[in-house]
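Report on one structure; see the data block that follows.
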Amino acid sequence: MRFEEQNTLIEIRREQPGDIAAIARIVEQAFGSSDEANLVKMLRDRNKAVVSLVAIYDGEVVGHIMFSQVTIDPPREGFKGIGLAPVAVSPEHENKWIGSKLIRKGLEECKQAGYDIAVVLGDHRYYTRFGFSRASDYGLENEYGAGEHFTAMELSQGALEGVSGLVKYQPEFKESNT
């Protein structure tokens with residue numbers, strides 16, 4: 001997928017092996033620590049990254065997004081959820097809609113992969129523009145006590161009807177912060 005940005009082409013594509021060092025650098029710069037970069041590496045190395053995309057600007061990797069499967073407790077038959085985390089754009093390329101483009105393309109790929117629900121921990125005011133709303137409105141909680149900053153959206157119509165419980169991210173999320 002390509003986007004026109006101030007006469008410069010931005011390409012959104014799947015992560016490739018040659019992108020790994022740039023991704024680690026961007027994620028570390030964006031978050032100011034190595035925790036999220038370690039998370040990305042663990043999810044990738046353990047084959048838990050369902051969707052991993054990069055943004056290319058002027059031939060350089062300038063953004064990254066990753067999605068991994070989430071579960072719900074109590075388990076619900078047919079629940080197929082995905083968690084967005086993390087999304088990062090290099091500081092010098094912020095405010096160019098690159099993160100938004102990564103999120104939109106990533107959600108579309110998750111939908112095409114058959115996921116019904118997407119969740120994210122983050123600024124709820126930012127994520128509502130993509131169709132996310134407060135997860136607690138659907139009876140969904142998270143392991144991190146994020147309250148209003150935990151949001152959810154349907155990738156298939158009606159997927160959140162009657163769903164409730166504790167959404168759990170992959171164990172690597174806790175592991176990467178230790």
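In the structure tokens, chains take the letters A, B, ... in the order shown, each chain's residues start at 1, and ligands count up from 1 in the order shown.
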
query = Near segment 119-123 of chain A, counting only C-alpha atoms, which residues have an atom at most 7 Å away, once you skip same-chain residues fewer than 5 positions from it, shown as a ChimeraX atom specification?
reply = /A:82-85,146,149-153

Write out as a Markdown table the residues of segment 122-177 of chain A that have any atom within 10 Å of an atom of segment 91-100 of chain A, one row each with the nearest atom pair and its distance in Å to one decimal, counting only C-alpha atoms, sorted by chain and then rising number.
```
| residue | atom | partner | partner_atom | distance |
| --- | --- | --- | --- | --- |
| A:Tyr126 | CA | A:Ser100 | CA | 9.6 |
| A:Tyr127 | CA | A:Ser100 | CA | 9.4 |
| A:Arg129 | CA | A:Ser100 | CA | 9.2 |
| A:Phe130 | CA | A:Ser100 | CA | 8.3 |
```

request  = Mind giving me the straight-line distance from atom CA of Asp116 of chain A to atom CA of Ile103 of chain A in Å, one decimal?
outcome  =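 One can read the atom CA of Asp116 of chain A to atom CA of Ile103 of chain A distance as 15.9 Å.
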
query = Residues of segment 71-146 of chain A in strand (DSSP E or B) according to DSSP, as a list in words?
reply = Thr71, Ile72, Asp73, Gly81, Ile82, Gly83, Leu84, Ala85, Pro86, Val87, Ala88, Val89, Ile117, Ala118, Val119, Val120, Leu121, Ser133, Arg134, Leu140, Glu141 and Asn142 of chain A

Could you save those same residues with N, CA, C and O atoms as a short mmCIF file (atom, residue, chain, number, x, y, z; two decimals), in the first residue's frame?
```
data_model
loop_
_atom_site.label_atom_id
_atom_site.label_comp_id
_atom_site.auth_asym_id
_atom_site.auth_seq_id
_atom_site.Cartn_x
_atom_site.Cartn_y
_atom_site.Cartn_z
N THR A 71 -6.23 -13.31 24.26
CA THR A 71 -7.23 -14.28 24.69
C THR A 71 -8.17 -13.58 25.67
O THR A 71 -7.94 -12.44 26.07
N ILE A 72 -9.22 -14.27 26.05
CA ILE A 72 -10.18 -13.72 27.01
C ILE A 72 -10.46 -14.76 28.09
O ILE A 72 -10.48 -15.96 27.82
N ASP A 73 -10.61 -14.27 29.32
CA ASP A 73 -10.91 -15.13 30.46
C ASP A 73 -12.17 -14.59 31.14
O ASP A 73 -12.18 -13.42 31.54
N GLY A 81 -9.34 -12.62 18.92
CA GLY A 81 -8.94 -11.24 19.17
C GLY A 81 -7.48 -10.99 18.88
O GLY A 81 -6.64 -11.89 18.95
N ILE A 82 -7.20 -9.73 18.58
CA ILE A 82 -5.84 -9.31 18.23
C ILE A 82 -5.53 -8.04 19.01
O ILE A 82 -6.42 -7.20 19.22
N GLY A 83 -4.29 -7.91 19.46
CA GLY A 83 -3.86 -6.72 20.18
C GLY A 83 -2.87 -5.92 19.37
O GLY A 83 -1.92 -6.46 18.83
N LEU A 84 -3.11 -4.63 19.28
CA LEU A 84 -2.22 -3.69 18.60
C LEU A 84 -1.18 -3.24 19.62
O LEU A 84 -1.53 -2.63 20.62
N ALA A 85 0.06 -3.55 19.38
CA ALA A 85 1.14 -3.07 20.25
C ALA A 85 2.46 -3.70 19.82
O ALA A 85 2.51 -4.91 19.62
N PRO A 86 3.44 -2.88 19.71
CA PRO A 86 3.40 -1.43 19.75
C PRO A 86 3.31 -0.85 18.34
O PRO A 86 3.46 -1.55 17.34
N VAL A 87 3.08 0.46 18.29
CA VAL A 87 3.18 1.22 17.06
C VAL A 87 4.19 2.33 17.34
O VAL A 87 4.15 2.95 18.41
N ALA A 88 5.11 2.53 16.41
CA ALA A 88 6.17 3.51 16.63
C ALA A 88 6.55 4.19 15.31
O ALA A 88 6.58 3.54 14.27
N VAL A 89 6.85 5.47 15.41
CA VAL A 89 7.34 6.25 14.27
C VAL A 89 8.58 6.97 14.76
O VAL A 89 8.61 7.48 15.89
N ILE A 117 -11.98 -9.05 16.64
CA ILE A 117 -11.90 -7.97 17.62
C ILE A 117 -10.45 -7.51 17.72
O ILE A 117 -9.53 -8.33 17.74
N ALA A 118 -10.26 -6.20 17.81
CA ALA A 118 -8.93 -5.64 18.05
C ALA A 118 -9.00 -4.82 19.34
O ALA A 118 -10.01 -4.16 19.62
N VAL A 119 -7.92 -4.89 20.12
CA VAL A 119 -7.82 -4.10 21.35
C VAL A 119 -6.49 -3.36 21.35
O VAL A 119 -5.54 -3.76 20.68
N VAL A 120 -6.46 -2.28 22.12
CA VAL A 120 -5.22 -1.52 22.27
C VAL A 120 -5.21 -0.82 23.62
O VAL A 120 -6.25 -0.37 24.10
N LEU A 121 -4.04 -0.76 24.22
CA LEU A 121 -3.79 0.03 25.42
C LEU A 121 -3.11 1.30 24.96
O LEU A 121 -2.02 1.25 24.38
N SER A 133 -13.36 2.10 20.81
CA SER A 133 -14.10 2.76 21.88
C SER A 133 -13.77 2.06 23.19
O SER A 133 -13.15 0.98 23.20
N ARG A 134 -14.16 2.68 24.28
CA ARG A 134 -13.82 2.17 25.60
C ARG A 134 -14.22 0.70 25.73
O ARG A 134 -15.38 0.35 25.59
N LEU A 140 -15.29 -5.55 28.83
CA LEU A 140 -13.92 -6.06 28.70
C LEU A 140 -12.98 -5.31 29.64
O LEU A 140 -13.03 -4.09 29.73
N GLU A 141 -12.15 -6.07 30.32
CA GLU A 141 -11.12 -5.52 31.20
C GLU A 141 -9.77 -5.96 30.67
O GLU A 141 -9.69 -6.78 29.76
N ASN A 142 -8.70 -5.46 31.28
CA ASN A 142 -7.34 -5.85 30.88
C ASN A 142 -6.50 -6.14 32.11
O ASN A 142 -6.87 -5.76 33.22
#
```

task = Once DSSP has gone over the backbone, tell me which residues of segment 14-86 of chain A are in alpha helix (DSSP H), as a list in words.
result =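 Listing alpha helix (DSSP H) positions across segment 14-86 of chain A yields Ile20, Ala21, Ala22, Ile23, Ala24, Arg25, Ile26, Val27, Glu28, Gln29, Ala30, Phe31, Asp35, Glu36, Ala37, Asn38, Leu39, Val40, Lys41, Met42, Leu43, Arg44 and Asp45 of chain A.
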
task = Counting only C-alpha atoms, figure out which residue out of A:Asp45, A:Tyr169, A:Gln112, A:Glu15 gets nearest to Met66 of chain A.
result = A:Glu15

ask   = Using only C-alpha atoms, which residue out of A:Leu160, A:Ile26, A:Gly78, A:Ser52 lies closest to Cys110 of chain A?
value = A:Ser52

inquiry  = With only C-alpha atoms as the counted atoms, please give the residues lying no more than 10 Å from Leu43 of chain A, apart from itself and same-chain residues fewer than 2 positions off, as a PyMOL selection string.
reply    = chain A and resi 38-41+45-50+66-68+170-173+176

Expected file: the selected residues, N, CA and C atoms, as an mmCIF file, in the first residue's frame:
```cif
data_model
loop_
_atom_site.group_PDB
_atom_site.id
_atom_site.type_symbol
_atom_site.label_atom_id
_atom_site.label_comp_id
_atom_site.auth_asym_id
_atom_site.auth_seq_id
_atom_site.Cartn_x
_atom_site.Cartn_y
_atom_site.Cartn_z
ATOM 1 N N ASN A 38 12.406 -4.842 23.064
ATOM 2 C CA ASN A 38 12.557 -6.232 23.516
ATOM 3 C C ASN A 38 11.274 -7.017 23.274
ATOM 4 N N LEU A 39 10.138 -6.378 23.514
ATOM 5 C CA LEU A 39 8.846 -7.024 23.273
ATOM 6 C C LEU A 39 8.709 -7.415 21.803
ATOM 7 N N VAL A 40 9.000 -6.485 20.913
ATOM 8 C CA VAL A 40 8.916 -6.754 19.472
ATOM 9 C C VAL A 40 9.812 -7.935 19.112
ATOM 10 N N LYS A 41 11.031 -7.935 19.623
ATOM 11 C CA LYS A 41 11.977 -9.025 19.320
ATOM 12 C C LYS A 41 11.447 -10.365 19.832
ATOM 13 N N ASP A 45 10.591 -13.432 17.462
ATOM 14 C CA ASP A 45 11.407 -14.650 17.616
ATOM 15 C C ASP A 45 10.573 -15.865 17.993
ATOM 16 N N ARG A 46 9.467 -15.642 18.689
ATOM 17 C CA ARG A 46 8.612 -16.739 19.145
ATOM 18 C C ARG A 46 7.400 -16.945 18.225
ATOM 19 N N ASN A 47 7.448 -16.339 17.054
ATOM 20 C CA ASN A 47 6.393 -16.482 16.038
ATOM 21 C C ASN A 47 5.010 -16.098 16.552
ATOM 22 N N LYS A 48 4.951 -15.059 17.360
ATOM 23 C CA LYS A 48 3.672 -14.597 17.891
ATOM 24 C C LYS A 48 3.211 -13.291 17.263
ATOM 25 N N ALA A 49 4.008 -12.750 16.363
ATOM 26 C CA ALA A 49 3.610 -11.541 15.646
ATOM 27 C C ALA A 49 2.715 -11.966 14.492
ATOM 28 N N VAL A 50 1.443 -11.646 14.583
ATOM 29 C CA VAL A 50 0.482 -12.022 13.546
ATOM 30 C C VAL A 50 0.638 -11.098 12.341
ATOM 31 N N MET A 66 2.949 -3.674 15.182
ATOM 32 C CA MET A 66 2.859 -5.119 15.375
ATOM 33 C C MET A 66 1.538 -5.456 16.049
ATOM 34 N N PHE A 67 0.975 -6.581 15.665
ATOM 35 C CA PHE A 67 -0.242 -7.120 16.269
ATOM 36 C C PHE A 67 0.039 -8.554 16.698
ATOM 37 N N SER A 68 -0.465 -8.924 17.876
ATOM 38 C CA SER A 68 -0.354 -10.305 18.351
ATOM 39 C C SER A 68 -1.702 -10.724 18.935
ATOM 40 N N GLN A 170 -0.180 -11.635 25.169
ATOM 41 C CA GLN A 170 0.824 -12.690 25.190
ATOM 42 C C GLN A 170 1.735 -12.504 26.409
ATOM 43 N N PRO A 171 2.271 -13.590 26.981
ATOM 44 C CA PRO A 171 3.136 -13.489 28.172
ATOM 45 C C PRO A 171 4.365 -12.602 27.954
ATOM 46 N N GLU A 172 4.784 -12.437 26.715
ATOM 47 C CA GLU A 172 5.950 -11.619 26.410
ATOM 48 C C GLU A 172 5.761 -10.157 26.823
ATOM 49 N N PHE A 173 4.517 -9.698 26.928
ATOM 50 C CA PHE A 173 4.267 -8.318 27.348
ATOM 51 C C PHE A 173 4.759 -8.089 28.771
ATOM 52 N N SER A 176 8.822 -8.639 28.896
ATOM 53 C CA SER A 176 9.671 -7.591 28.337
ATOM 54 C C SER A 176 9.904 -6.442 29.311
#
```

request  = Between A:Leu107, A:Ala135, A:Ala55, A:Met42, single out the one closest to Lys174 of chain A, counting only C-alpha atoms.
outcome  = A:Met42

Residue among A:Glu36, A:Asp19, A:Glu28, A:Glu154 lying closest to Glu60 of chain A, counting only C-alpha atoms =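 The closest residue to Glu60 of chain A is A:Asp19.
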
request  = Compare A:Ala30, A:Ala159, A:Val62, A:Leu166 by their minimum atom-to-atom distance to Tyr144 of chain A, counting only C-alpha atoms, and give me the closest one.
outcome  =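 Checking each of A:Ala30, A:Ala159, A:Val62, A:Leu166 against Tyr144 of chain A, counting only C-alpha atoms, the winner is A:Leu166.
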
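For the atom pair formed by atom CA of Ala21 of chain A and atom CA of His64 of chain A, the distance is 11.7 Å, given to one decimal.
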
key: Of the listed residues A:Arg25, A:Lys111, A:Arg76, A:Arg104, that which approaches Gln157 of chain A most closely, counting only C-alpha atoms   = A:Lys111
